[in-house]
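upload.cif follows (mmCIF, C-alpha atoms):
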```cif
data_data
#
loop_
_atom_site.group_PDB
_atom_site.id
_atom_site.type_symbol
_atom_site.label_atom_id
_atom_site.label_comp_id
_atom_site.auth_asym_id
_atom_site.auth_seq_id
_atom_site.Cartn_x
_atom_site.Cartn_y
_atom_site.Cartn_z
ATOM 1 C CA MET A 1 -11.287 39.767 -75.178
ATOM 2 C CA LYS A 2 -7.625 39.020 -74.967
ATOM 3 C CA ASN A 3 -5.316 40.726 -72.521
ATOM 4 C CA PHE A 4 -2.766 42.636 -74.605
ATOM 5 C CA SER A 5 -0.288 43.350 -71.848
ATOM 6 C CA ALA A 6 3.093 42.168 -72.877
ATOM 7 C CA PRO A 7 6.109 42.104 -70.588
ATOM 8 C CA LEU A 8 8.635 44.869 -71.149
ATOM 9 C CA PRO A 9 11.859 43.809 -72.761
ATOM 10 C CA LEU A 10 14.784 43.201 -70.410
ATOM 11 C CA TRP A 11 16.678 46.336 -71.480
ATOM 12 C CA ALA A 12 13.580 48.523 -70.767
ATOM 13 C CA ARG A 13 13.107 46.981 -67.309
ATOM 14 C CA ALA A 14 16.813 47.502 -66.485
ATOM 15 C CA GLY A 15 16.645 51.129 -67.671
ATOM 16 C CA LEU A 16 13.486 51.775 -65.640
ATOM 17 C CA LEU A 17 15.056 50.236 -62.523
ATOM 18 C CA ALA A 18 18.258 52.258 -63.015
ATOM 19 C CA GLY A 19 16.187 55.445 -63.416
ATOM 20 C CA LEU A 20 14.230 54.785 -60.215
ATOM 21 C CA VAL A 21 17.444 54.053 -58.289
ATOM 22 C CA GLY A 22 18.972 57.290 -59.657
ATOM 23 C CA VAL A 23 15.937 59.345 -58.597
ATOM 24 C CA ALA A 24 15.997 57.769 -55.116
ATOM 25 C CA LEU A 25 19.744 58.431 -54.737
ATOM 26 C CA GLY A 26 19.355 62.007 -55.954
ATOM 27 C CA ALA A 27 16.475 62.665 -53.550
ATOM 28 C CA SER A 28 18.501 61.133 -50.708
ATOM 29 C CA LEU A 29 21.498 63.339 -51.520
ATOM 30 C CA VAL A 30 19.348 66.490 -51.634
ATOM 31 C CA ALA A 31 17.702 65.565 -48.310
ATOM 32 C CA TYR A 32 21.097 64.841 -46.719
ATOM 33 C CA ARG A 33 22.553 68.166 -47.867
ATOM 34 C CA TYR A 34 19.465 70.045 -46.660
ATOM 35 C CA TYR A 35 19.392 68.469 -43.198
ATOM 36 C CA SER A 36 23.161 68.468 -42.645
ATOM 37 C CA LYS A 37 23.529 72.143 -43.564
ATOM 38 C CA PRO A 38 24.753 74.039 -40.478
ATOM 39 C CA GLU A 39 22.341 76.353 -38.708
ATOM 40 C CA THR A 40 23.553 79.966 -38.705
ATOM 41 C CA LEU A 41 22.673 82.276 -35.819
ATOM 42 C CA ASN A 42 23.123 86.050 -35.977
ATOM 43 C CA LEU A 43 25.009 87.502 -32.991
ATOM 44 C CA ALA A 44 24.754 91.244 -32.279
ATOM 45 C CA VAL A 45 28.013 92.542 -30.806
ATOM 46 C CA GLY A 46 28.994 96.018 -29.734
ATOM 47 C CA SER A 47 31.344 97.448 -27.154
ATOM 48 C CA PHE A 48 33.393 100.576 -26.566
ATOM 49 C CA ASP A 49 36.725 98.809 -26.726
ATOM 50 C CA GLY A 50 35.956 96.223 -29.429
ATOM 51 C CA GLU A 51 36.822 93.283 -27.165
ATOM 52 C CA ALA A 52 33.336 91.747 -27.459
ATOM 53 C CA ALA A 53 33.661 91.658 -31.250
ATOM 54 C CA LYS A 54 37.043 89.922 -30.951
ATOM 55 C CA ILE A 55 35.571 87.288 -28.633
ATOM 56 C CA ALA A 56 32.634 86.730 -30.992
ATOM 57 C CA ALA A 57 34.964 86.407 -34.000
ATOM 58 C CA ILE A 58 37.037 83.795 -32.158
ATOM 59 C CA ILE A 59 33.914 81.805 -31.273
ATOM 60 C CA ALA A 60 32.636 81.995 -34.862
ATOM 61 C CA GLY A 61 36.023 80.903 -36.213
ATOM 62 C CA ARG A 62 36.244 77.920 -33.874
ATOM 63 C CA LEU A 63 32.735 76.746 -34.763
ATOM 64 C CA ASP A 64 33.559 77.076 -38.450
ATOM 65 C CA ALA A 65 36.897 75.248 -38.153
ATOM 66 C CA ALA A 66 35.291 72.399 -36.189
ATOM 67 C CA LYS A 67 32.633 71.985 -38.904
ATOM 68 C CA SER A 68 29.984 72.394 -36.220
ATOM 69 C CA ALA A 69 26.286 72.046 -37.001
ATOM 70 C CA LEU A 70 25.933 75.546 -35.567
ATOM 71 C CA ARG A 71 27.585 78.650 -37.043
ATOM 72 C CA VAL A 72 27.646 82.220 -35.794
ATOM 73 C CA LYS A 73 27.441 85.298 -38.002
ATOM 74 C CA VAL A 74 28.724 88.358 -36.145
ATOM 75 C CA VAL A 75 26.605 91.493 -36.619
ATOM 76 C CA PRO A 76 28.698 94.469 -35.417
ATOM 77 C CA THR A 77 26.889 97.345 -33.717
ATOM 78 C CA GLY A 78 28.072 100.628 -32.267
ATOM 79 C CA SER A 79 27.438 99.805 -28.610
ATOM 80 C CA VAL A 80 25.985 97.335 -26.148
ATOM 81 C CA LEU A 81 22.755 99.333 -26.215
ATOM 82 C CA ASP A 82 22.476 98.989 -30.015
ATOM 83 C CA SER A 83 23.043 95.235 -29.669
ATOM 84 C CA ALA A 84 20.275 95.023 -27.071
ATOM 85 C CA LYS A 85 17.917 97.003 -29.314
ATOM 86 C CA LEU A 86 18.612 94.727 -32.309
ATOM 87 C CA PHE A 87 18.023 91.649 -30.167
ATOM 88 C CA ALA A 88 14.827 93.050 -28.610
ATOM 89 C CA ALA A 89 13.513 93.879 -32.103
ATOM 90 C CA GLY A 90 14.055 90.253 -33.157
ATOM 91 C CA LYS A 91 16.621 91.136 -35.821
ATOM 92 C CA THR A 92 19.298 88.877 -34.303
ATOM 93 C CA ASP A 93 19.164 85.493 -32.615
ATOM 94 C CA LEU A 94 21.814 86.237 -29.986
ATOM 95 C CA ALA A 95 23.486 89.298 -28.469
ATOM 96 C CA ILE A 96 26.418 90.030 -26.207
ATOM 97 C CA VAL A 97 24.879 92.499 -23.770
ATOM 98 C CA ARG A 98 24.795 93.433 -20.113
ATOM 99 C CA ALA A 99 21.818 92.140 -18.162
ATOM 100 C CA ASP A 100 20.740 95.662 -17.201
ATOM 101 C CA VAL A 101 20.731 97.172 -20.707
ATOM 102 C CA GLY A 102 17.702 97.364 -22.979
ATOM 103 C CA ASP A 103 14.498 95.309 -23.127
ATOM 104 C CA LEU A 104 15.647 91.764 -22.468
ATOM 105 C CA SER A 105 12.338 90.417 -21.152
ATOM 106 C CA GLN A 106 12.397 87.516 -23.626
ATOM 107 C CA ALA A 107 16.133 86.845 -23.315
ATOM 108 C CA ARG A 108 17.850 83.889 -21.698
ATOM 109 C CA SER A 109 21.527 83.680 -20.796
ATOM 110 C CA VAL A 110 23.539 81.273 -22.918
ATOM 111 C CA ALA A 111 27.017 82.050 -21.660
ATOM 112 C CA LEU A 112 28.576 84.450 -19.203
ATOM 113 C CA VAL A 113 31.346 86.214 -21.101
ATOM 114 C CA ASN A 114 32.611 88.422 -18.284
ATOM 115 C CA LYS A 115 31.614 90.160 -15.079
ATOM 116 C CA SER A 116 31.689 93.914 -14.712
ATOM 117 C CA VAL A 117 32.309 96.260 -11.831
ATOM 118 C CA LEU A 118 30.851 99.706 -11.185
ATOM 119 C CA MET A 119 33.387 102.327 -10.171
ATOM 120 C CA ILE A 120 32.849 105.901 -9.127
ATOM 121 C CA LEU A 121 36.201 107.621 -9.534
ATOM 122 C CA ALA A 122 36.885 110.996 -7.964
ATOM 123 C CA LEU A 123 39.450 113.434 -9.351
ATOM 124 C CA PRO A 124 42.847 113.542 -7.616
ATOM 125 C CA GLY A 125 42.848 115.674 -4.468
ATOM 126 C CA SER A 126 39.082 115.440 -4.120
ATOM 127 C CA MET A 127 37.461 114.990 -0.714
ATOM 128 C CA LEU A 128 34.801 112.671 -2.206
ATOM 129 C CA THR A 129 35.313 109.439 -0.293
ATOM 130 C CA ARG A 130 31.719 108.210 0.081
ATOM 131 C CA ILE A 131 28.621 108.273 -2.089
ATOM 132 C CA GLU A 132 26.831 110.551 0.384
ATOM 133 C CA LYS A 133 29.526 113.194 -0.206
ATOM 134 C CA LEU A 134 28.539 113.413 -3.894
ATOM 135 C CA LYS A 135 25.593 115.663 -2.950
ATOM 136 C CA GLY A 136 25.995 119.044 -4.584
ATOM 137 C CA HIS A 137 28.481 117.751 -7.175
ATOM 138 C CA THR A 138 28.338 116.658 -10.810
ATOM 139 C CA VAL A 139 29.027 113.028 -11.688
ATOM 140 C CA GLY A 140 30.062 112.230 -15.250
ATOM 141 C CA VAL A 141 28.380 109.019 -16.427
ATOM 142 C CA VAL A 142 30.653 107.360 -18.980
ATOM 143 C CA GLY A 143 28.433 105.750 -21.579
ATOM 144 C CA GLY A 144 25.355 107.730 -20.536
ATOM 145 C CA GLU A 145 22.269 105.913 -21.746
ATOM 146 C CA ILE A 146 23.807 102.472 -21.248
ATOM 147 C CA ASN A 147 24.266 103.148 -17.534
ATOM 148 C CA GLN A 148 20.899 104.856 -16.975
ATOM 149 C CA LYS A 149 19.437 101.993 -14.904
ATOM 150 C CA ILE A 150 22.488 102.090 -12.627
ATOM 151 C CA VAL A 151 22.111 105.862 -12.183
ATOM 152 C CA ASP A 152 18.419 105.427 -11.360
ATOM 153 C CA ALA A 153 19.256 102.737 -8.783
ATOM 154 C CA LEU A 154 21.907 104.976 -7.153
ATOM 155 C CA LYS A 155 19.497 107.910 -7.021
ATOM 156 C CA LYS A 156 16.864 105.769 -5.356
ATOM 157 C CA GLU A 157 19.154 103.900 -2.944
ATOM 158 C CA TYR A 158 21.155 106.922 -1.731
ATOM 159 C CA ASP A 159 18.477 109.617 -2.158
ATOM 160 C CA LEU A 160 20.517 111.527 -4.759
ATOM 161 C CA ALA A 161 17.675 112.513 -7.092
ATOM 162 C CA ASP A 162 17.707 116.285 -6.522
ATOM 163 C CA LYS A 163 21.122 116.589 -4.905
ATOM 164 C CA VAL A 164 23.521 115.224 -7.550
ATOM 165 C CA THR A 165 23.759 116.131 -11.228
ATOM 166 C CA PHE A 166 24.484 113.145 -13.454
ATOM 167 C CA LYS A 167 25.914 114.165 -16.814
ATOM 168 C CA SER A 168 26.351 111.770 -19.767
ATOM 169 C CA ILE A 169 29.861 111.683 -21.199
ATOM 170 C CA ALA A 170 30.920 109.745 -24.267
ATOM 171 C CA PRO A 171 33.909 107.457 -23.684
ATOM 172 C CA ALA A 172 35.984 109.398 -26.205
ATOM 173 C CA ASP A 173 35.323 112.665 -24.313
ATOM 174 C CA VAL A 174 36.516 111.411 -20.893
ATOM 175 C CA PRO A 175 40.109 112.786 -21.117
ATOM 176 C CA ARG A 176 38.799 116.232 -22.065
ATOM 177 C CA ALA A 177 36.181 116.104 -19.273
ATOM 178 C CA ILE A 178 38.847 115.200 -16.698
ATOM 179 C CA GLN A 179 41.198 117.995 -17.817
ATOM 180 C CA SER A 180 38.432 120.588 -17.821
ATOM 181 C CA LYS A 181 37.044 119.273 -14.500
ATOM 182 C CA GLU A 182 33.615 119.019 -16.060
ATOM 183 C CA ALA A 183 32.609 116.663 -13.244
ATOM 184 C CA SER A 184 33.818 115.986 -9.711
ATOM 185 C CA ALA A 185 33.593 112.222 -10.146
ATOM 186 C CA PHE A 186 33.056 109.739 -12.961
ATOM 187 C CA LEU A 187 30.838 106.663 -12.981
ATOM 188 C CA VAL A 188 32.277 103.828 -15.090
ATOM 189 C CA VAL A 189 31.264 100.203 -15.634
ATOM 190 C CA VAL A 190 34.204 98.052 -16.765
ATOM 191 C CA PRO A 191 34.758 94.299 -17.137
ATOM 192 C CA LEU A 192 36.794 92.405 -14.565
ATOM 193 C CA ASN A 193 39.476 91.185 -16.962
ATOM 194 C CA GLU A 194 42.582 92.467 -18.658
#
```

Translate this file's structure into structure tokens.
Amino acid sequence: MKNFSAPLPLWARAGLLAGLVGVALGASLVAYRYYSKPETLNLAVGSFDGEAAKIAAIIAGRLDAAKSALRVKVVPTGSVLDSAKLFAAGKTDLAIVRADVGDLSQARSVALVNKSVLMILALPGSMLTRIEKLKGHTVGVVGGEINQKIVDALKKEYDLADKVTFKSIAPADVPRAIQSKEASAFLVVVPLNE
């Protein structure tokens, strides 16, 4: 039996080669676009004053302008506690939170944004000059639930459990609470910056 395979004409071979080169180039372009696409991380941000959201927006803008391989999508929340809850639930990749807020057992620090200080402020004219003198008084805790671990530590360290009343006060209600003398002193945690 004779072998009936005949060589393809030159135009068919050139067309086949051009088609294969086109498929290879197209696949290479798709692979390049897929692997060079920037990775986007969700960042939960919440604070009373809105400064954390401004910082996060600046970071996201700089990464975007620099055409970085990493991008940040800011997810605004109502408070630091809400940010911690979103992060703990796995709904965001990153969060700007305090180390003592929420369940952060799986968290690792990426950057230190600021340091905070705890202040216990007494009303003008008050004789409260030491923590031990708070016994028998009411302390307004600005932020309430966010500062619960700090309140628990103070109660334990200074034996204030049954002797001091700690009352949660929303940040917006602080001026009214001061005017009405709702508390003898106020516990506040604020960042050490302008």

request  = Could you give me, as a PyMOL selection string, the residues within 6 Å of range 74-88 of chain A, counting only C-alpha atoms and dropping anything in the same chain fewer than 6 positions from it?
outcome  = chain A and resi 43-47+97+102-103+146

key: Distance of CA of Lys73 in chain A from CA of Ile59 in chain A, expressed in Å to one decimal place   =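 Taking CA of Ile59 in chain A as the start and CA of Lys73 in chain A as the end point, the length is 10.0 Å.
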
task = Given the file shown, enumerate the residues that the PyMOL selection byres ((chain A and resi 144) around 12) captures and present them as a PyMOL selection string.
result = chain A and resi 79-81+101+139-143+145-152+166-171+173-174+186-189

key: Atomic separation - CA of Ser116 in chain A relative to CA of Glu157 in chain A, Å   = 19.9 Å

request  = Give me, please, the distance in Å between CA of Lys67 in chain A and CA of Pro38 in chain A, quoted to one decimal.
outcome  = 8.3 Å

message = Just want the 8 Å neighbourhood of Ser36 in chain A, counted on all atoms listed in the file, with same-chain residues fewer than 3 positions away dropped. Output as JSON, numbers by chain.
response = {"A": [32, 33, 69]}

task = Give the answer as one residue: which of A:Met119, A:Ala111, A:Leu160, A:Val23 has the shortest atom-to-atom distance to Glu132 in chain A, using all atoms listed in the file?
result =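 The answer is A:Leu160, which sits nearest to Glu132 in chain A.
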
request  = Decode the PyMOL selection byres ((chain A and resi 113) around 12) for the given file into explicit residues and return them as an NGL selection string.
outcome  = :A and (51-56 or 59 or 95-99 or 109-112 or 114-116 or 191-193)

message = Using only C-alpha atoms for the distances, tell me which of A:Ile120, A:Leu17, A:Ser180, A:Pro175 is nearest to Leu154 in chain A.
response =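 Closest candidate: A:Ile120.
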
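Using all atoms listed in the file, the shortest contact distance between Ala172 in chain A and any of A:Lys155, A:Val190, A:Phe48, A:His137 is found at A:Phe48.
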
Kindly list the centre and edge lengths in Å, rounded to one decimal, for the axis-aligned box that covers all listed atoms of range 5-19 of chain A plus 8 Å on each of its six sides, as AutoDock Vina command-line options.
```
--center_x 9.0 --center_y 48.8 --center_z -67.7 --size_x 34.5 --size_y 29.3 --size_z 26.4
```

inquiry  = What would the selection look like, as a ChimeraX atom specification, if the PyMOL selection byres ((chain A and resi 163) around 9) were run on the coordinates I just shared?
reply    = /A:134-137,159-162,164-165
